[in-house]
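What's in upload_21.tsv: TSV, C-alpha atoms (C1' of nucleotides)
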```tsv
chain	number	residue	atom	x	y	z
A	1	MET	CA	8.79	-27.51	13.83
A	2	PRO	CA	9.90	-24.36	15.62
A	3	GLN	CA	7.03	-22.08	16.39
A	4	PHE	CA	6.55	-18.47	17.08
A	5	HIS	CA	3.13	-16.99	17.67
A	6	LEU	CA	3.43	-13.78	15.74
A	7	GLU	CA	-0.16	-12.65	15.96
A	8	SER	CA	0.02	-12.41	19.73
A	9	PHE	CA	3.45	-10.76	19.72
A	10	LEU	CA	3.21	-7.26	21.07
A	11	PRO	CA	5.48	-5.42	18.61
A	12	TYR	CA	3.62	-7.05	15.77
A	13	GLU	CA	0.19	-6.20	17.16
A	14	LEU	CA	1.26	-2.63	17.70
A	15	ALA	CA	2.58	-2.32	14.17
A	16	GLN	CA	-0.64	-3.72	12.76
A	17	LEU	CA	-2.79	-1.43	14.82
A	18	SER	CA	-0.73	1.65	14.18
A	19	GLU	CA	-0.78	1.08	10.45
A	20	GLN	CA	-4.53	0.47	10.45
A	21	VAL	CA	-5.24	3.61	12.43
A	22	SER	CA	-2.85	5.79	10.43
A	23	ARG	CA	-4.33	4.54	7.20
A	24	GLU	CA	-7.91	5.11	8.31
A	25	PHE	CA	-7.20	8.59	9.57
A	26	SER	CA	-5.06	9.73	6.68
A	27	ALA	CA	-7.81	8.60	4.32
A	28	LEU	CA	-9.90	11.38	5.83
A	29	TYR	CA	-7.61	14.14	4.62
A	30	ARG	CA	-5.27	12.71	2.02
A	31	GLU	CA	-7.56	12.82	-0.95
A	32	ARG	CA	-9.45	15.86	0.18
A	33	PHE	CA	-6.51	18.13	0.96
A	34	GLY	CA	-3.67	16.40	-0.84
A	35	ILE	CA	-1.32	16.21	2.10
A	36	SER	CA	0.63	13.22	3.36
A	37	ILE	CA	1.10	11.96	6.90
A	38	PRO	CA	4.48	13.67	7.45
A	39	GLU	CA	3.02	16.89	6.08
A	40	TRP	CA	0.07	16.67	8.43
A	41	ARG	CA	2.42	16.12	11.35
A	42	VAL	CA	4.49	19.14	10.51
A	43	MET	CA	1.39	21.28	10.22
A	44	ALA	CA	-0.10	19.98	13.46
A	45	ASN	CA	3.10	20.81	15.29
A	46	LEU	CA	3.14	24.27	13.83
A	47	SER	CA	-0.48	24.81	14.75
A	48	GLN	CA	0.43	24.05	18.30
A	49	ALA	CA	3.65	25.96	18.62
A	50	GLY	CA	3.24	28.82	16.16
A	51	THR	CA	6.79	28.88	14.83
A	52	LEU	CA	9.33	26.09	14.84
A	53	SER	CA	12.62	25.31	13.19
A	54	VAL	CA	13.20	22.14	11.21
A	55	ARG	CA	15.34	20.89	14.05
A	56	GLU	CA	12.64	21.47	16.63
A	57	ILE	CA	10.07	19.50	14.66
A	58	HIS	CA	12.64	16.80	14.12
A	59	THR	CA	13.09	16.53	17.90
A	60	ARG	CA	9.46	16.95	18.92
A	61	ALA	CA	7.99	14.57	16.39
A	62	GLY	CA	10.78	12.05	16.11
A	63	MET	CA	10.91	12.65	12.37
A	64	ASP	CA	14.18	12.54	10.48
A	65	LYS	CA	15.27	16.07	9.72
A	66	SER	CA	15.38	15.40	6.00
A	67	LYS	CA	11.78	14.19	6.26
A	68	VAL	CA	10.83	17.43	7.96
A	69	SER	CA	12.76	19.48	5.43
A	70	ARG	CA	11.07	17.85	2.46
A	71	ALA	CA	7.62	17.97	4.01
A	72	ALA	CA	8.14	21.67	4.70
A	73	ALA	CA	9.27	22.25	1.13
A	74	ARG	CA	6.14	20.59	-0.24
A	75	LEU	CA	3.94	22.51	2.18
A	76	GLU	CA	5.56	25.76	1.15
A	77	THR	CA	4.87	25.00	-2.50
A	78	ALA	CA	1.28	24.15	-1.61
A	79	GLY	CA	0.98	27.46	0.19
A	80	TYR	CA	0.27	26.09	3.64
A	81	VAL	CA	3.58	26.91	5.30
A	82	ALA	CA	5.92	29.89	5.21
A	83	LYS	CA	9.68	29.49	5.52
A	84	THR	CA	11.53	32.46	6.97
A	85	GLU	CA	15.15	32.96	7.86
A	86	ASP	CA	15.54	33.26	11.61
A	87	ALA	CA	16.77	36.76	12.40
A	88	SER	CA	18.97	35.90	15.36
A	89	ASP	CA	20.46	32.69	13.92
A	90	ARG	CA	20.61	32.53	10.18
A	91	ARG	CA	21.20	28.80	10.18
A	92	LEU	CA	17.62	28.30	11.34
A	93	VAL	CA	14.55	28.19	9.16
A	94	ALA	CA	11.48	29.54	10.91
A	95	LEU	CA	8.46	27.52	9.83
A	96	SER	CA	4.95	28.79	10.41
A	97	LEU	CA	1.46	28.29	9.03
A	98	THR	CA	0.12	30.63	6.40
A	99	GLU	CA	-3.47	31.78	6.45
A	100	ALA	CA	-4.32	28.90	4.13
A	101	GLY	CA	-2.49	26.54	6.47
A	102	ARG	CA	-4.50	27.71	9.44
A	103	GLY	CA	-7.65	27.26	7.43
A	104	LEU	CA	-6.66	23.71	6.60
A	105	ILE	CA	-6.00	22.92	10.26
A	106	GLU	CA	-9.40	24.26	11.14
A	107	GLU	CA	-10.97	21.95	8.59
A	108	ILE	CA	-9.05	18.87	9.65
A	109	THR	CA	-9.33	19.33	13.41
A	110	PRO	CA	-12.98	18.30	13.68
A	111	LEU	CA	-12.31	15.29	11.46
A	112	ALA	CA	-9.44	14.30	13.72
A	113	ARG	CA	-11.48	14.65	16.87
A	114	ALA	CA	-14.36	12.70	15.38
A	115	TYR	CA	-12.10	9.90	14.26
A	116	GLU	CA	-10.40	9.70	17.62
A	117	ALA	CA	-13.76	9.62	19.38
A	118	GLN	CA	-14.85	6.80	17.15
A	119	VAL	CA	-11.76	4.76	18.03
A	120	LEU	CA	-12.15	5.44	21.74
A	121	ASP	CA	-15.76	4.39	21.49
A	122	ARG	CA	-14.66	0.99	20.34
A	123	LEU	CA	-12.60	0.72	23.52
A	124	GLY	CA	-15.43	1.69	25.81
A	125	ALA	CA	-14.37	1.59	29.44
A	126	GLY	CA	-10.97	0.29	28.36
A	127	ALA	CA	-10.07	3.57	26.76
A	128	ALA	CA	-8.50	5.17	29.81
A	129	PRO	CA	-6.19	2.28	30.76
A	130	PHE	CA	-5.29	1.86	27.10
A	131	ARG	CA	-4.10	5.43	26.72
A	132	ASP	CA	-2.40	5.15	30.04
A	133	GLY	CA	-0.40	2.20	28.78
A	134	ILE	CA	0.65	4.02	25.63
A	135	ARG	CA	1.95	6.98	27.60
A	136	ARG	CA	3.80	4.82	30.06
A	137	LEU	CA	5.61	3.01	27.25
A	138	LEU	CA	6.37	6.19	25.36
A	139	ASP	CA	8.04	7.78	28.32
A	140	GLY	CA	10.42	4.90	28.96
B	1	MET	CA	-4.00	30.75	16.40
B	2	PRO	CA	-5.62	27.42	15.53
B	3	GLN	CA	-4.44	24.66	17.75
B	4	PHE	CA	-4.26	20.95	17.57
B	5	HIS	CA	-2.74	18.91	20.37
B	6	LEU	CA	-0.82	16.37	18.37
B	7	GLU	CA	1.02	14.71	21.22
B	8	SER	CA	-2.18	13.56	22.83
B	9	PHE	CA	-3.75	12.47	19.55
B	10	LEU	CA	-4.29	8.74	19.51
B	11	PRO	CA	-3.14	7.92	15.96
B	12	TYR	CA	-0.01	9.93	16.56
B	13	GLU	CA	0.74	8.28	19.90
B	14	LEU	CA	0.22	4.87	18.37
B	15	ALA	CA	2.55	5.64	15.49
B	16	GLN	CA	5.22	6.89	17.86
B	17	LEU	CA	4.93	3.87	20.10
B	18	SER	CA	4.83	1.35	17.29
B	19	GLU	CA	7.90	2.84	15.68
B	20	GLN	CA	9.76	2.90	18.98
B	21	VAL	CA	8.94	-0.71	19.75
B	22	SER	CA	9.68	-1.95	16.24
B	23	ARG	CA	12.98	-0.15	16.25
B	24	GLU	CA	14.01	-1.50	19.63
B	25	PHE	CA	13.08	-5.03	18.76
B	26	SER	CA	14.55	-5.09	15.28
B	27	ALA	CA	17.81	-3.80	16.74
B	28	LEU	CA	18.04	-7.14	18.53
B	29	TYR	CA	18.23	-9.15	15.32
B	30	ARG	CA	18.97	-6.81	12.45
B	31	GLU	CA	22.70	-6.49	12.88
B	32	ARG	CA	23.17	-9.97	14.26
B	33	PHE	CA	21.28	-11.92	11.61
B	34	GLY	CA	21.07	-9.43	8.80
B	35	ILE	CA	17.32	-9.64	8.31
B	36	SER	CA	14.83	-6.82	8.03
B	37	ILE	CA	11.45	-6.42	9.66
B	38	PRO	CA	9.43	-7.70	6.68
B	39	GLU	CA	11.79	-10.67	6.43
B	40	TRP	CA	11.36	-11.44	10.10
B	41	ARG	CA	7.59	-11.32	9.69
B	42	VAL	CA	7.62	-13.72	6.80
B	43	MET	CA	9.79	-16.13	8.73
B	44	ALA	CA	7.68	-15.89	11.87
B	45	ASN	CA	4.56	-16.68	9.87
B	46	LEU	CA	6.26	-19.66	8.28
B	47	SER	CA	7.47	-20.90	11.63
B	48	GLN	CA	3.92	-20.92	12.79
B	49	ALA	CA	2.20	-22.40	9.78
B	50	GLY	CA	4.87	-24.57	8.23
B	51	THR	CA	4.12	-23.82	4.59
B	52	LEU	CA	2.39	-20.77	3.16
B	53	SER	CA	1.92	-19.17	-0.21
B	54	VAL	CA	2.84	-15.56	-0.88
B	55	ARG	CA	-0.84	-14.75	-0.96
B	56	GLU	CA	-1.50	-16.32	2.43
B	57	ILE	CA	1.25	-14.32	4.09
B	58	HIS	CA	-0.03	-11.21	2.33
B	59	THR	CA	-3.46	-11.81	3.87
B	60	ARG	CA	-2.34	-12.97	7.32
B	61	ALA	CA	0.24	-10.29	7.88
B	62	GLY	CA	-1.35	-7.41	6.04
B	63	MET	CA	1.79	-7.04	3.95
B	64	ASP	CA	1.63	-6.01	0.31
B	65	LYS	CA	2.16	-9.08	-1.83
B	66	SER	CA	5.13	-7.51	-3.59
B	67	LYS	CA	6.66	-6.93	-0.17
B	68	VAL	CA	6.18	-10.58	0.68
B	69	SER	CA	7.54	-11.65	-2.68
B	70	ARG	CA	10.69	-9.60	-2.32
B	71	ALA	CA	11.25	-10.57	1.30
B	72	ALA	CA	10.90	-14.21	0.28
B	73	ALA	CA	13.38	-13.73	-2.54
B	74	ARG	CA	15.94	-12.23	-0.17
B	75	LEU	CA	15.35	-14.98	2.36
B	76	GLU	CA	15.80	-17.62	-0.29
B	77	THR	CA	19.11	-16.08	-1.33
B	78	ALA	CA	20.14	-15.98	2.32
B	79	GLY	CA	19.26	-19.66	2.64
B	80	TYR	CA	16.56	-19.28	5.25
B	81	VAL	CA	13.52	-20.02	3.10
B	82	ALA	CA	12.77	-22.52	0.35
B	83	LYS	CA	10.47	-21.72	-2.54
B	84	THR	CA	8.67	-24.67	-4.12
B	85	GLU	CA	6.07	-24.86	-6.83
B	86	ASP	CA	2.78	-26.05	-5.38
B	87	ALA	CA	1.94	-29.43	-6.88
B	88	SER	CA	-1.83	-29.02	-7.04
B	89	ASP	CA	-1.87	-25.39	-8.17
B	90	ARG	CA	1.13	-24.30	-10.12
B	91	ARG	CA	0.33	-20.64	-9.71
B	92	LEU	CA	1.20	-20.91	-6.03
B	93	VAL	CA	4.66	-20.69	-4.52
B	94	ALA	CA	5.00	-22.81	-1.43
B	95	LEU	CA	7.24	-21.04	1.08
B	96	SER	CA	8.78	-22.91	3.98
B	97	LEU	CA	11.70	-22.56	6.34
B	98	THR	CA	14.95	-24.34	5.61
B	99	GLU	CA	16.96	-25.96	8.35
B	100	ALA	CA	18.95	-22.74	8.64
B	101	GLY	CA	15.71	-20.81	8.82
B	102	ARG	CA	14.42	-22.94	11.67
B	103	GLY	CA	17.74	-22.46	13.44
B	104	LEU	CA	17.41	-18.70	13.09
B	105	ILE	CA	13.89	-18.76	14.51
B	106	GLU	CA	15.14	-20.74	17.45
B	107	GLU	CA	17.77	-18.11	18.10
B	108	ILE	CA	15.44	-15.15	17.78
B	109	THR	CA	12.50	-16.57	19.71
B	110	PRO	CA	14.05	-16.17	23.18
B	111	LEU	CA	15.13	-12.64	22.27
B	112	ALA	CA	11.58	-11.85	21.22
B	113	ARG	CA	10.06	-13.27	24.36
B	114	ALA	CA	12.54	-11.44	26.55
B	115	TYR	CA	11.88	-8.14	24.80
B	116	GLU	CA	8.14	-8.56	25.04
B	117	ALA	CA	8.40	-9.41	28.74
B	118	GLN	CA	10.46	-6.29	29.29
B	119	VAL	CA	7.81	-4.15	27.63
B	120	LEU	CA	4.98	-5.76	29.56
B	121	ASP	CA	6.93	-5.22	32.76
B	122	ARG	CA	6.83	-1.51	32.11
B	123	LEU	CA	3.04	-1.77	31.98
B	124	GLY	CA	2.73	-3.68	35.23
B	125	ALA	CA	-0.88	-4.36	36.09
B	126	GLY	CA	-1.95	-2.35	33.06
B	127	ALA	CA	-0.59	-4.98	30.69
B	128	ALA	CA	-3.76	-7.05	30.42
B	129	PRO	CA	-6.18	-4.19	29.67
B	130	PHE	CA	-3.63	-2.73	27.27
B	131	ARG	CA	-3.42	-5.87	25.19
B	132	ASP	CA	-7.14	-6.19	25.40
B	133	GLY	CA	-7.55	-2.77	23.88
B	134	ILE	CA	-5.19	-3.57	21.03
B	135	ARG	CA	-7.10	-6.71	20.14
B	136	ARG	CA	-10.43	-4.99	20.31
B	137	LEU	CA	-9.28	-2.31	17.90
B	138	LEU	CA	-7.64	-4.77	15.55
B	139	ASP	CA	-10.78	-6.81	15.17
B	140	GLY	CA	-12.96	-3.86	14.20
C	1	DA	C1'	-12.54	-28.55	-26.48
C	2	DG	C1'	-12.71	-23.53	-26.45
C	3	DC	C1'	-13.24	-19.26	-24.41
C	4	DC	C1'	-13.82	-15.94	-20.60
C	5	DT	C1'	-12.72	-14.45	-16.29
C	6	DA	C1'	-10.29	-14.80	-11.81
C	7	DT	C1'	-6.23	-15.37	-9.20
C	8	DC	C1'	-1.24	-16.19	-8.48
C	9	DG	C1'	3.52	-14.22	-7.96
C	10	DT	C1'	6.72	-11.06	-10.16
C	11	DT	C1'	8.29	-6.86	-11.96
C	12	DG	C1'	8.48	-1.77	-13.60
C	13	DC	C1'	7.80	2.60	-12.00
C	14	DA	C1'	7.43	6.65	-9.35
C	15	DC	C1'	7.85	8.04	-4.87
C	16	DT	C1'	9.44	8.03	-0.03
C	17	DT	C1'	12.77	6.93	3.34
C	18	DG	C1'	17.09	7.03	6.31
C	19	DC	C1'	21.73	8.00	6.29
C	20	DA	C1'	25.78	10.44	5.27
C	21	DA	C1'	28.01	14.32	3.39
C	22	DC	C1'	27.90	19.08	2.30
C	23	DG	C1'	28.01	24.30	2.52
C	24	DA	C1'	26.60	27.89	5.47
C	25	DT	C1'	26.42	29.87	9.83
C	26	DG	C1'	27.41	30.21	14.77
C	27	DT	C1'	30.37	29.71	19.04
C	28	DC	C1'	34.21	29.94	21.75
C	29	DA	C1'	38.87	30.13	23.17
C	30	DA	C1'	43.62	31.55	22.14
D	1	DT	C1'	40.70	38.49	14.76
D	2	DT	C1'	41.53	34.03	13.66
D	3	DG	C1'	41.00	29.24	13.69
D	4	DA	C1'	38.88	24.90	15.23
D	5	DC	C1'	34.79	22.79	16.08
D	6	DA	C1'	29.55	22.40	16.50
D	7	DT	C1'	25.04	22.83	14.56
D	8	DC	C1'	21.59	24.02	11.00
D	9	DG	C1'	18.92	22.68	6.81
D	10	DT	C1'	19.47	20.64	2.26
D	11	DT	C1'	20.69	17.24	-0.99
D	12	DG	C1'	22.71	12.78	-3.25
D	13	DC	C1'	22.23	8.18	-3.04
D	14	DA	C1'	20.90	3.52	-2.33
D	15	DA	C1'	17.25	0.88	-0.62
D	16	DG	C1'	12.46	0.06	0.35
D	17	DT	C1'	7.47	0.93	-0.63
D	18	DG	C1'	2.67	0.71	-2.77
D	19	DC	C1'	0.38	0.38	-6.90
D	20	DA	C1'	-0.62	-1.16	-11.39
D	21	DA	C1'	0.33	-4.13	-15.13
D	22	DC	C1'	1.99	-8.40	-16.76
D	23	DG	C1'	2.46	-13.50	-18.06
D	24	DA	C1'	1.15	-17.85	-16.28
D	25	DT	C1'	-2.13	-20.92	-14.47
D	26	DA	C1'	-6.81	-22.34	-12.85
D	27	DG	C1'	-11.79	-22.82	-12.97
D	28	DG	C1'	-16.28	-22.53	-14.92
D	29	DC	C1'	-19.60	-22.17	-18.60
D	30	DT	C1'	-21.30	-23.36	-23.24
```

If you convert what's in this file into structure tokens, what do you get?
Amino acid sequence: MPQFHLESFLPYELAQLSEQVSREFSALYRERFGISIPEWRVMANLSQAGTLSVREIHTRAGMDKSKVSRAAARLETAGYVAKTEDASDRRLVALSLTEAGRGLIEEITPLARAYEAQVLDRLGAGAAPFRDGIRRLLDG
Amino acid sequence: MPQFHLESFLPYELAQLSEQVSREFSALYRERFGISIPEWRVMANLSQAGTLSVREIHTRAGMDKSKVSRAAARLETAGYVAKTEDASDRRLVALSLTEAGRGLIEEITPLARAYEAQVLDRLGAGAAPFRDGIRRLLDG
DNA sequence: AGCCTATCGTTGCACTTGCAACGATGTCAA
DNA sequence: TTGACATCGTTGCAAGTGCAACGATAGGCT
């Protein structure tokens, strides 16, 4: 019988953990605000940068550009994001948060911080080396 | 301007890392053997346990049971997995690897170990605490 | 035995996803 | 200026996904 110990296989563990954490966190805002994970990511990027094109979010966040485009379309319909034609390059769409969008970010931010703190608590003293490891792998 | 630092937000980092690692690893077998990530996971579980029902893989691997069912169907068509009716409980489908399936596992296993070693190398001395952190979070 | 409820695996459905192709716009050199 | 090529965001399409509902089977209670 060939054997492969999947549950101690790093890519598998990471996938399990990532899905668990994403699910737990998105549960905090999905039902309450009606936005999905890609939508939240677009908004969080905009909250940080002010104005971004679809392409910039695609690059920053590693999201497919069609994913960004559709998330932005839904967010525009929901009133959280404004889409403007870039004045100096009309191919670009300038995305930015509306007033409602900024309000939503302000509501979610404390939830996000609290959730993150709760996760880090579970790691105790291991939190620092854990985050260190993540960053080292993400850079490579 | 409300701000939220997404790139240092743990759920986001984990999602990025997990996707990167899954993508890198699946590239090693996807094209060569024509199997997807869910299919690989089903096979790896079977290689470990010998025979499992759809429900057991669903529980073990945290995969939706329809996902398991469809992966198993594709793997049966591909000749890697056999589906048998459980003798003592006819509701159950007994999944097991075929000879071809075992051969595939034997080909992928060294690739998996090599990839994992390469990732752990990037972590150096931080590898042990990193894995520790993953396991601690997965248990909770 | 007969019924009631639980559990199994599959399937229908609506939705999301990644990829490729498209029209629109920009850039640059002849 | 014109033409060739690059880049932007959107959309069509096929495939995958989670969820709920389904028929089939099992188990327990009377």

Produce a table with one row for each residue of chain A that has an atom at most 9 Å from any atom of chain B, each row naming the nearest atom pair and its distance in Å at one decimal; use all atoms listed in the file; arrange rows by chain and rising residue number; format as CSV.
```
residue,atom,partner,partner_atom,distance
A:Met1,CA,B:Ser47,CA,7.1
A:Pro2,CA,B:Ser47,CA,5.8
A:Gln3,CA,B:Gln48,CA,4.9
A:Phe4,CA,B:Gln48,CA,5.6
A:His5,CA,B:Gln48,CA,6.3
A:Leu6,CA,B:Ala44,CA,6.1
A:Glu7,CA,B:Ala61,CA,8.4
A:Phe9,CA,B:Glu116,CA,7.4
A:Leu10,CA,B:Glu116,CA,6.5
A:Pro11,CA,B:Ser22,CA,5.9
A:Tyr12,CA,B:Ser22,CA,7.9
A:Glu13,CA,B:Ile134,CA,7.1
A:Leu14,CA,B:Ser18,CA,5.4
A:Ala15,CA,B:Ser18,CA,5.3
A:Gln16,CA,B:Leu138,CA,7.6
A:Leu17,CA,B:Leu138,CA,5.9
A:Ser18,CA,B:Ala15,CA,5.3
A:Glu19,CA,B:Ala15,CA,7.6
A:Gln20,CA,B:Leu138,CA,7.9
A:Val21,CA,B:Pro11,CA,6.0
A:Ser22,CA,B:Pro11,CA,5.9
A:Phe25,CA,B:Pro11,CA,7.6
A:Arg41,CA,B:Leu6,CA,7.7
A:Ala44,CA,B:Phe4,CA,5.9
A:Asn45,CA,B:Leu6,CA,6.7
A:Leu46,CA,B:Gln3,CA,8.5
A:Ser47,CA,B:Gln3,CA,5.0
A:Gln48,CA,B:Gln3,CA,4.9
A:Ala49,CA,B:Gln3,CA,8.2
A:Gly50,CA,B:Met1,CA,7.5
A:Ala61,CA,B:Gln16,CA,8.3
A:Gly62,CA,B:Gln16,CA,7.8
A:Arg102,CA,B:Pro2,CA,6.2
A:Gly103,CA,B:Pro2,CA,8.4
A:Ile105,CA,B:Pro2,CA,6.9
A:Glu106,CA,B:Pro2,CA,6.6
A:Thr109,CA,B:Phe4,CA,6.8
A:Ala112,CA,B:Phe9,CA,8.3
A:Arg113,CA,B:Phe9,CA,8.5
A:Glu116,CA,B:Leu10,CA,6.5
A:Val119,CA,B:Leu137,CA,7.5
A:Leu120,CA,B:Leu10,CA,8.8
A:Arg122,CA,B:Leu137,CA,6.8
A:Leu123,CA,B:Gly133,CA,6.1
A:Gly126,CA,B:Gly133,CA,6.4
A:Ala127,CA,B:Gly133,CA,7.4
A:Pro129,CA,B:Pro129,CA,6.6
A:Phe130,CA,B:Phe130,CA,4.9
A:Arg131,CA,B:Leu10,CA,7.9
A:Asp132,CA,B:Gly126,CA,8.1
A:Gly133,CA,B:Phe130,CA,6.1
A:Ile134,CA,B:Leu17,CA,7.0
A:Arg135,CA,B:Glu13,CA,7.9
A:Arg136,CA,B:Leu123,CA,6.9
A:Leu137,CA,B:Arg122,CA,6.7
A:Leu138,CA,B:Leu17,CA,5.9
A:Gly140,CA,B:Arg122,CA,8.0
```

Check every residue of chain D for an atom within 12 Å of chain A, counting only C-alpha atoms (C1' of nucleotides), and provide those that qualify as a PDB file with C-alpha atoms (C1' of nucleotides), in the coordinates of the input.
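selection-v3.pdb, written as the output of this step:
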```pdb
ATOM      1  C1'  DT D   7      25.040  22.830  14.560  1.00  0.00           C
ATOM      2  C1'  DC D   8      21.590  24.020  11.000  1.00  0.00           C
ATOM      3  C1'  DG D   9      18.920  22.680   6.810  1.00  0.00           C
ATOM      4  C1'  DT D  10      19.470  20.640   2.260  1.00  0.00           C
ATOM      5  C1'  DT D  11      20.690  17.240  -0.990  1.00  0.00           C
TER       6       DT D  11
END
```

Mind running chain C against chain A at 9 Å and telling me each contacting residue's nearest atom pair with the distance in Å (one decimal), counting only C-alpha atoms (C1' of nucleotides), chain and number ascending, as CSV?
```
residue,atom,partner,partner_atom,distance
C:DT17,C1',A:Lys67,CA,7.9
C:DG18,C1',A:Asp64,CA,7.5
C:DA24,C1',A:Arg91,CA,7.2
C:DT25,C1',A:Arg91,CA,5.3
C:DG26,C1',A:Asp89,CA,7.4
```

At what distance in Å, to one decimal, does CA of Ala27 (chain B) lie from CA of Glu56 (chain A)? 25.8 Å
